[in-house]
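What's in input_29.cif: mmCIF, C-alpha atoms and all ligand atoms
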```
data_start
#
loop_
_atom_site.group_PDB
_atom_site.id
_atom_site.type_symbol
_atom_site.label_atom_id
_atom_site.label_comp_id
_atom_site.auth_asym_id
_atom_site.auth_seq_id
_atom_site.Cartn_x
_atom_site.Cartn_y
_atom_site.Cartn_z
ATOM 1 C CA MET E 1 26.878 12.058 3.122
ATOM 2 C CA PRO E 2 26.333 8.878 1.150
ATOM 3 C CA ASP E 3 29.058 6.834 2.854
ATOM 4 C CA ASN E 4 29.077 3.227 1.668
ATOM 5 C CA LEU E 5 25.917 3.309 -0.417
ATOM 6 C CA SER E 6 27.008 5.868 -2.983
ATOM 7 C CA HIS E 7 28.015 3.313 -5.587
ATOM 8 C CA ASN E 8 24.649 1.550 -5.444
ATOM 9 C CA THR E 9 21.950 2.518 -7.870
ATOM 10 C CA VAL E 10 18.657 0.992 -8.860
ATOM 11 C CA GLU E 11 17.774 0.436 -12.520
ATOM 12 C CA VAL E 12 15.126 2.905 -13.592
ATOM 13 C CA ALA E 13 13.280 3.209 -16.892
ATOM 14 C CA LEU E 14 13.365 6.981 -17.177
ATOM 15 C CA THR E 15 15.997 9.582 -16.387
ATOM 16 C CA PRO E 16 15.024 11.962 -13.557
ATOM 17 C CA TRP E 17 14.426 14.565 -16.254
ATOM 18 C CA GLU E 18 12.078 12.391 -18.244
ATOM 19 C CA ARG E 19 10.162 11.498 -15.129
ATOM 20 C CA PHE E 20 9.881 15.128 -14.015
ATOM 21 C CA ALA E 21 8.845 16.226 -17.524
ATOM 22 C CA GLU E 22 6.105 13.593 -17.453
ATOM 23 C CA TYR E 23 4.940 14.781 -14.027
ATOM 24 C CA LEU E 24 4.812 18.410 -15.196
ATOM 25 C CA HIS E 25 3.073 17.503 -18.426
ATOM 26 C CA ILE E 26 0.276 15.638 -16.633
ATOM 27 C CA ARG E 27 -0.309 18.689 -14.444
ATOM 28 C CA ASN E 28 -0.150 21.195 -17.292
ATOM 29 C CA LYS E 29 2.955 22.800 -15.813
ATOM 30 C CA ARG E 30 5.745 24.181 -17.924
ATOM 31 C CA ILE E 31 9.373 23.094 -17.941
ATOM 32 C CA THR E 32 10.833 26.413 -16.884
ATOM 33 C CA GLN E 33 14.505 27.309 -16.910
ATOM 34 C CA GLN E 34 14.343 27.562 -13.105
ATOM 35 C CA ARG E 35 12.993 24.051 -12.715
ATOM 36 C CA ARG E 36 15.675 22.830 -15.115
ATOM 37 C CA VAL E 37 18.513 24.494 -13.165
ATOM 38 C CA LEU E 38 17.231 23.149 -9.832
ATOM 39 C CA LEU E 39 16.758 19.592 -11.059
ATOM 40 C CA ASP E 40 20.259 19.509 -12.563
ATOM 41 C CA LEU E 41 21.716 20.838 -9.318
ATOM 42 C CA VAL E 42 19.797 18.388 -7.141
ATOM 43 C CA PHE E 43 20.783 15.392 -9.268
ATOM 44 C CA GLU E 44 24.480 16.274 -9.557
ATOM 45 C CA ALA E 45 25.307 13.962 -6.652
ATOM 46 C CA HIS E 46 23.528 11.913 -4.012
ATOM 47 C CA GLU E 47 23.552 13.791 -0.732
ATOM 48 C CA HIS E 48 21.272 15.004 2.003
ATOM 49 C CA PHE E 49 20.421 18.671 1.682
ATOM 50 C CA ASP E 50 17.897 21.285 2.710
ATOM 51 C CA ALA E 51 16.584 24.390 0.967
ATOM 52 C CA ASP E 52 19.347 26.542 2.497
ATOM 53 C CA ASP E 53 22.017 24.250 1.060
ATOM 54 C CA LEU E 54 20.476 24.699 -2.375
ATOM 55 C CA VAL E 55 20.521 28.482 -2.003
ATOM 56 C CA VAL E 56 24.227 28.310 -1.158
ATOM 57 C CA ARG E 57 24.969 25.948 -4.033
ATOM 58 C CA LEU E 58 23.080 28.116 -6.511
ATOM 59 C CA GLY E 59 25.426 30.875 -5.447
ATOM 60 C CA PRO E 60 25.602 34.389 -6.817
ATOM 61 C CA THR E 61 25.252 33.211 -10.412
ATOM 62 C CA ASP E 62 22.669 34.578 -12.846
ATOM 63 C CA ALA E 63 20.627 31.461 -12.333
ATOM 64 C CA GLY E 64 20.873 31.829 -8.564
ATOM 65 C CA LYS E 65 19.686 35.415 -8.599
ATOM 66 C CA LYS E 66 16.604 34.581 -10.620
ATOM 67 C CA ILE E 67 15.526 31.691 -8.427
ATOM 68 C CA GLY E 68 13.866 32.861 -5.245
ATOM 69 C CA ARG E 69 13.238 30.851 -2.116
ATOM 70 C CA ALA E 70 9.552 30.408 -2.935
ATOM 71 C CA THR E 71 10.506 28.796 -6.252
ATOM 72 C CA ILE E 72 13.002 26.513 -4.504
ATOM 73 C CA TYR E 73 10.402 25.346 -1.973
ATOM 74 C CA ARG E 74 7.780 24.857 -4.673
ATOM 75 C CA THR E 75 10.152 22.898 -6.904
ATOM 76 C CA LEU E 76 11.299 20.704 -4.000
ATOM 77 C CA ASN E 77 7.646 19.869 -3.297
ATOM 78 C CA GLU E 78 7.131 18.997 -6.946
ATOM 79 C CA LEU E 79 10.206 16.761 -6.957
ATOM 80 C CA VAL E 80 8.873 14.948 -3.870
ATOM 81 C CA GLU E 81 5.429 14.565 -5.473
ATOM 82 C CA ALA E 82 7.027 13.291 -8.680
ATOM 83 C CA GLY E 83 8.769 10.576 -6.633
ATOM 84 C CA LEU E 84 12.236 11.920 -7.373
ATOM 85 C CA LEU E 85 13.100 13.172 -3.909
ATOM 86 C CA ARG E 86 12.393 11.876 -0.457
ATOM 87 C CA ARG E 87 11.762 14.338 2.367
ATOM 88 C CA MET E 88 12.657 13.678 5.991
ATOM 89 C CA VAL E 89 12.127 16.000 8.914
ATOM 90 C CA ILE E 90 15.209 15.985 11.104
ATOM 91 C CA SER E 91 15.384 18.277 14.121
ATOM 92 C CA GLY E 92 12.510 20.281 12.677
ATOM 93 C CA ARG E 93 14.330 20.808 9.379
ATOM 94 C CA SER E 94 13.193 19.376 6.030
ATOM 95 C CA VAL E 95 16.021 17.354 4.550
ATOM 96 C CA TYR E 96 15.876 15.948 1.022
ATOM 97 C CA GLU E 97 17.674 13.215 -0.864
ATOM 98 C CA HIS E 98 17.301 11.236 -4.084
ATOM 99 C CA ASP E 99 14.559 8.667 -3.997
ATOM 100 C CA TYR E 100 14.480 7.780 -7.682
ATOM 101 C CA GLY E 101 17.160 5.362 -8.852
ATOM 102 C CA TYR E 102 18.568 5.101 -5.346
ATOM 103 C CA PRO E 103 18.123 2.100 -3.061
ATOM 104 C CA GLN E 104 15.879 2.294 -0.041
ATOM 105 C CA HIS E 105 17.845 2.862 3.146
ATOM 106 C CA ASP E 106 17.600 4.294 6.638
ATOM 107 C CA HIS E 107 19.671 6.737 8.626
ATOM 108 C CA LEU E 108 21.626 7.314 11.779
ATOM 109 C CA HIS E 109 21.551 10.973 12.739
ATOM 110 C CA CYS E 110 24.358 12.417 14.834
ATOM 111 C CA THR E 111 22.676 15.064 16.974
ATOM 112 C CA ALA E 112 26.009 16.766 17.698
ATOM 113 C CA CYS E 113 27.400 17.316 14.177
ATOM 114 C CA ASN E 114 24.176 16.704 12.204
ATOM 115 C CA ARG E 115 25.820 14.013 10.070
ATOM 116 C CA LEU E 116 23.481 11.506 8.436
ATOM 117 C CA ILE E 117 24.881 8.009 8.009
ATOM 118 C CA GLU E 118 23.039 5.646 5.665
ATOM 119 C CA PHE E 119 22.479 1.962 6.225
ATOM 120 C CA ARG E 120 20.408 -0.838 4.779
ATOM 121 C CA ASN E 121 18.917 -3.628 6.808
ATOM 122 C CA ALA E 122 16.600 -6.248 5.332
ATOM 123 C CA GLU E 123 15.471 -7.444 8.787
ATOM 124 C CA LEU E 124 14.189 -3.964 9.540
ATOM 125 C CA VAL E 125 12.099 -3.947 6.378
ATOM 126 C CA ALA E 126 10.794 -7.434 7.204
ATOM 127 C CA LEU E 127 9.875 -6.236 10.698
ATOM 128 C CA ARG E 128 8.058 -3.248 9.210
ATOM 129 C CA ASP E 129 6.054 -5.535 6.943
ATOM 130 C CA THR E 130 5.206 -7.865 9.830
ATOM 131 C CA VAL E 131 3.961 -4.961 11.955
ATOM 132 C CA ALA E 132 1.967 -3.582 9.030
ATOM 133 C CA MET E 133 0.434 -6.982 8.323
ATOM 134 C CA LYS E 134 -0.684 -7.345 11.945
ATOM 135 C CA HIS E 135 -2.613 -4.112 11.520
ATOM 136 C CA SER E 136 -4.006 -5.041 8.093
ATOM 137 C CA PHE E 137 -1.934 -2.184 6.771
ATOM 138 C CA ARG E 138 -0.176 -2.060 3.419
ATOM 139 C CA ALA E 139 3.211 -0.390 3.961
ATOM 140 C CA THR E 140 4.399 1.866 1.178
ATOM 141 C CA GLY E 141 7.328 3.376 3.035
ATOM 142 C CA HIS E 142 8.729 4.232 6.410
ATOM 143 C CA ARG E 143 11.013 6.629 8.250
ATOM 144 C CA PHE E 144 13.460 5.144 10.676
ATOM 145 C CA ILE E 145 16.114 7.402 12.123
ATOM 146 C CA ILE E 146 18.490 6.372 14.900
ATOM 147 C CA LEU E 147 19.548 9.370 16.976
ATOM 148 C CA GLY E 148 22.830 9.572 18.837
ATOM 149 C CA LEU E 149 26.481 10.435 18.505
ATOM 150 C CA CYS E 150 28.749 9.412 15.628
ATOM 151 C CA ARG E 151 32.173 7.945 16.340
ATOM 152 C CA ALA E 152 33.996 11.267 15.900
ATOM 153 C CA CYS E 153 31.600 13.082 18.227
ATOM 154 C CA GLN E 154 31.810 10.355 20.883
ATOM 155 C CA ALA E 155 35.564 10.879 20.924
ATOM 156 C CA ARG E 156 35.113 14.650 21.083
ATOM 157 C CA TYR E 157 32.613 14.537 23.946
ATOM 158 C CA SER E 158 34.257 11.873 26.059
ATOM 159 C CA GLY E 159 36.960 14.307 27.100
ATOM 160 C CA PRO E 160 40.745 14.149 26.804
HETATM 161 ZN ZN ZN E 201 28.815 13.599 14.933
HETATM 162 ZN ZN ZN E 202 20.021 8.896 2.803
#
```

Can you turn what I pasted into structure tokens?
Ligand SMILES: [Zn+2]
Ligand SMILES: [Zn+2]
Amino acid sequence: MPDNLSHNTVEVALTPWERFAEYLHIRNKRITQQRRVLLDLVFEAHEHFDADDLVVRLGPTDAGKKIGRATIYRTLNELVEAGLLRRMVISGRSVYEHDYGYPQHDHLHCTACNRLIEFRNAELVALRDTVAMKHSFRATGHRFIILGLCRACQARYSGP
């Protein structure tokens, strides 16, 4: 869930659709109805989701029936390549979220309820850049996930 970052957006020149259309055009791929349905669904709201969540959200509609799992996986890969989605692997599961038009942030992952809490910390980014610099490395991104128990789960597991 987006928590306190949901109201933050980053100014972008193109809409996600324009950017995806450009990506497809460069690769001689067509804008299919399936790609259109999936992109609209993915960009309805900022959240963390996996392929199974998309299958559920597509539901038993006409569109849902026509879009198989292979198409969903392929389209998710394209959206990552196009810079629209960011992929994280959490507990062996690929989780996606908006990357385009959404500020960079990191996550706390509750290993009991699977909740992802977003946070932003400039010191962390500065530390990343310092480490990269020491290794003559140009950082283009990072994955930082704090594992543990969220407040609700701590209460649940600490007993009555
Ligand atoms: Zn939890
Ligand atoms: Zn996030």

query = the PyMOL selection byres (((chain E and resi 105) around 7) and not hetatm) on the file shown: which residues, as a PyMOL selection string?
reply = chain E and resi 103-104+106-107+118-120

Give as a PDB file with C-alpha atoms, in the frame of the given file the residues that the PyMOL selection byres (((not hetatm)) within 12 of (chain E and resi 202)) matches when applied to the coordinates above.
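That gives us part16.pdb:
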```
ATOM      1  CA  MET E   1      26.878  12.058   3.122  1.00  0.00           C
ATOM      2  CA  PRO E   2      26.333   8.878   1.150  1.00  0.00           C
ATOM      3  CA  ASP E   3      29.058   6.834   2.854  1.00  0.00           C
ATOM      4  CA  ASN E   4      29.077   3.227   1.668  1.00  0.00           C
ATOM      5  CA  LEU E   5      25.917   3.309  -0.417  1.00  0.00           C
ATOM      6  CA  SER E   6      27.008   5.868  -2.983  1.00  0.00           C
ATOM      7  CA  ASN E   8      24.649   1.550  -5.444  1.00  0.00           C
ATOM      8  CA  ALA E  45      25.307  13.962  -6.652  1.00  0.00           C
ATOM      9  CA  HIS E  46      23.528  11.913  -4.012  1.00  0.00           C
ATOM     10  CA  GLU E  47      23.552  13.791  -0.732  1.00  0.00           C
ATOM     11  CA  HIS E  48      21.272  15.004   2.003  1.00  0.00           C
ATOM     12  CA  PHE E  49      20.421  18.671   1.682  1.00  0.00           C
ATOM     13  CA  LEU E  85      13.100  13.172  -3.909  1.00  0.00           C
ATOM     14  CA  ARG E  86      12.393  11.876  -0.457  1.00  0.00           C
ATOM     15  CA  ARG E  87      11.762  14.338   2.367  1.00  0.00           C
ATOM     16  CA  MET E  88      12.657  13.678   5.991  1.00  0.00           C
ATOM     17  CA  ILE E  90      15.209  15.985  11.104  1.00  0.00           C
ATOM     18  CA  VAL E  95      16.021  17.354   4.550  1.00  0.00           C
ATOM     19  CA  TYR E  96      15.876  15.948   1.022  1.00  0.00           C
ATOM     20  CA  GLU E  97      17.674  13.215  -0.864  1.00  0.00           C
ATOM     21  CA  HIS E  98      17.301  11.236  -4.084  1.00  0.00           C
ATOM     22  CA  ASP E  99      14.559   8.667  -3.997  1.00  0.00           C
ATOM     23  CA  TYR E 100      14.480   7.780  -7.682  1.00  0.00           C
ATOM     24  CA  TYR E 102      18.568   5.101  -5.346  1.00  0.00           C
ATOM     25  CA  PRO E 103      18.123   2.100  -3.061  1.00  0.00           C
ATOM     26  CA  GLN E 104      15.879   2.294  -0.041  1.00  0.00           C
ATOM     27  CA  HIS E 105      17.845   2.862   3.146  1.00  0.00           C
ATOM     28  CA  ASP E 106      17.600   4.294   6.638  1.00  0.00           C
ATOM     29  CA  HIS E 107      19.671   6.737   8.626  1.00  0.00           C
ATOM     30  CA  LEU E 108      21.626   7.314  11.779  1.00  0.00           C
ATOM     31  CA  HIS E 109      21.551  10.973  12.739  1.00  0.00           C
ATOM     32  CA  ARG E 115      25.820  14.013  10.070  1.00  0.00           C
ATOM     33  CA  LEU E 116      23.481  11.506   8.436  1.00  0.00           C
ATOM     34  CA  ILE E 117      24.881   8.009   8.009  1.00  0.00           C
ATOM     35  CA  GLU E 118      23.039   5.646   5.665  1.00  0.00           C
ATOM     36  CA  PHE E 119      22.479   1.962   6.225  1.00  0.00           C
ATOM     37  CA  ARG E 120      20.408  -0.838   4.779  1.00  0.00           C
ATOM     38  CA  ARG E 143      11.013   6.629   8.250  1.00  0.00           C
ATOM     39  CA  PHE E 144      13.460   5.144  10.676  1.00  0.00           C
ATOM     40  CA  ILE E 145      16.114   7.402  12.123  1.00  0.00           C
TER      41      ILE E 145
END
```

inquiry  = What would the selection look like, as a ChimeraX atom specification, if the PyMOL selection byres (((chain E and resi 14-30) around 10) and not hetatm) were run on the coordinates I just shared?
reply    = /E:11-13,31-33,35-36,39-40,43,78-79,81-85,98,100-101

Write a file of the just-selected residues containing C-alpha atoms, as an mmCIF file, in the coordinates of the input.
```
data_model
loop_
_atom_site.group_PDB
_atom_site.id
_atom_site.type_symbol
_atom_site.label_atom_id
_atom_site.label_comp_id
_atom_site.auth_asym_id
_atom_site.auth_seq_id
_atom_site.Cartn_x
_atom_site.Cartn_y
_atom_site.Cartn_z
ATOM 1 C CA GLU E 11 17.774 0.436 -12.520
ATOM 2 C CA VAL E 12 15.126 2.905 -13.592
ATOM 3 C CA ALA E 13 13.280 3.209 -16.892
ATOM 4 C CA ILE E 31 9.373 23.094 -17.941
ATOM 5 C CA THR E 32 10.833 26.413 -16.884
ATOM 6 C CA GLN E 33 14.505 27.309 -16.910
ATOM 7 C CA ARG E 35 12.993 24.051 -12.715
ATOM 8 C CA ARG E 36 15.675 22.830 -15.115
ATOM 9 C CA LEU E 39 16.758 19.592 -11.059
ATOM 10 C CA ASP E 40 20.259 19.509 -12.563
ATOM 11 C CA PHE E 43 20.783 15.392 -9.268
ATOM 12 C CA GLU E 78 7.131 18.997 -6.946
ATOM 13 C CA LEU E 79 10.206 16.761 -6.957
ATOM 14 C CA GLU E 81 5.429 14.565 -5.473
ATOM 15 C CA ALA E 82 7.027 13.291 -8.680
ATOM 16 C CA GLY E 83 8.769 10.576 -6.633
ATOM 17 C CA LEU E 84 12.236 11.920 -7.373
ATOM 18 C CA LEU E 85 13.100 13.172 -3.909
ATOM 19 C CA HIS E 98 17.301 11.236 -4.084
ATOM 20 C CA TYR E 100 14.480 7.780 -7.682
ATOM 21 C CA GLY E 101 17.160 5.362 -8.852
#
```

To check your reading of the model: which residues sit at most 6 Å from ligand ZN 201 (chain E) when counting all atoms listed in the file? Write the answer as a tab-separated table (two decimals) with C-alpha atoms, in the frame of the given file.
```
chain	number	residue	atom	x	y	z
E	110	CYS	CA	24.36	12.42	14.83
E	112	ALA	CA	26.01	16.77	17.70
E	113	CYS	CA	27.40	17.32	14.18
E	115	ARG	CA	25.82	14.01	10.07
E	149	LEU	CA	26.48	10.44	18.50
E	150	CYS	CA	28.75	9.41	15.63
E	152	ALA	CA	34.00	11.27	15.90
E	153	CYS	CA	31.60	13.08	18.23
```

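The shortest atom-to-atom distance to Val80 in chain E, with all atoms listed in the file taken into account, belongs to E:Val42 out of E:Val42, E:Ile67, E:Leu54, E:Val37.
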
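Taking CA of Gly68 in chain E as the reference point, CA of Val55 in chain E is found at 8.6 Å.
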
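In this comparison, which uses only C-alpha atoms, the residue of E:Thr111, E:Ser94, E:Thr9, E:Thr75 approaching Gly148 in chain E most closely is E:Thr111.
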
ask   = For the atom pair CA of Asp129 in chain E and CA of Asn77 in chain E, what is the interatomic distance in Å to one decimal place?
value =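 We find that CA of Asp129 in chain E and CA of Asn77 in chain E lie 27.4 Å from each other.
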
task = Determine, counting all atoms listed in the file, every residue of protein, DNA or RNA that lies within 6 Å of (13.5, 30.2, -11.2) in the file coordinates, then give the result as number ranges by chain.
result = E: 34, 66-67, 71

Point-to-point distance in Å for CA of Gly92 in chain E and CA of Ile72 in chain E =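 Between CA of Ile72 in chain E and CA of Gly92 in chain E the gap is 18.3 Å.
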
Using all atoms listed in the file: which of E:Asp50, E:Ser158, E:Arg151, E:Met133 has the shortest distance to Val89 in chain E =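 Result for the nearest residue to Val89 in chain E: E:Asp50.
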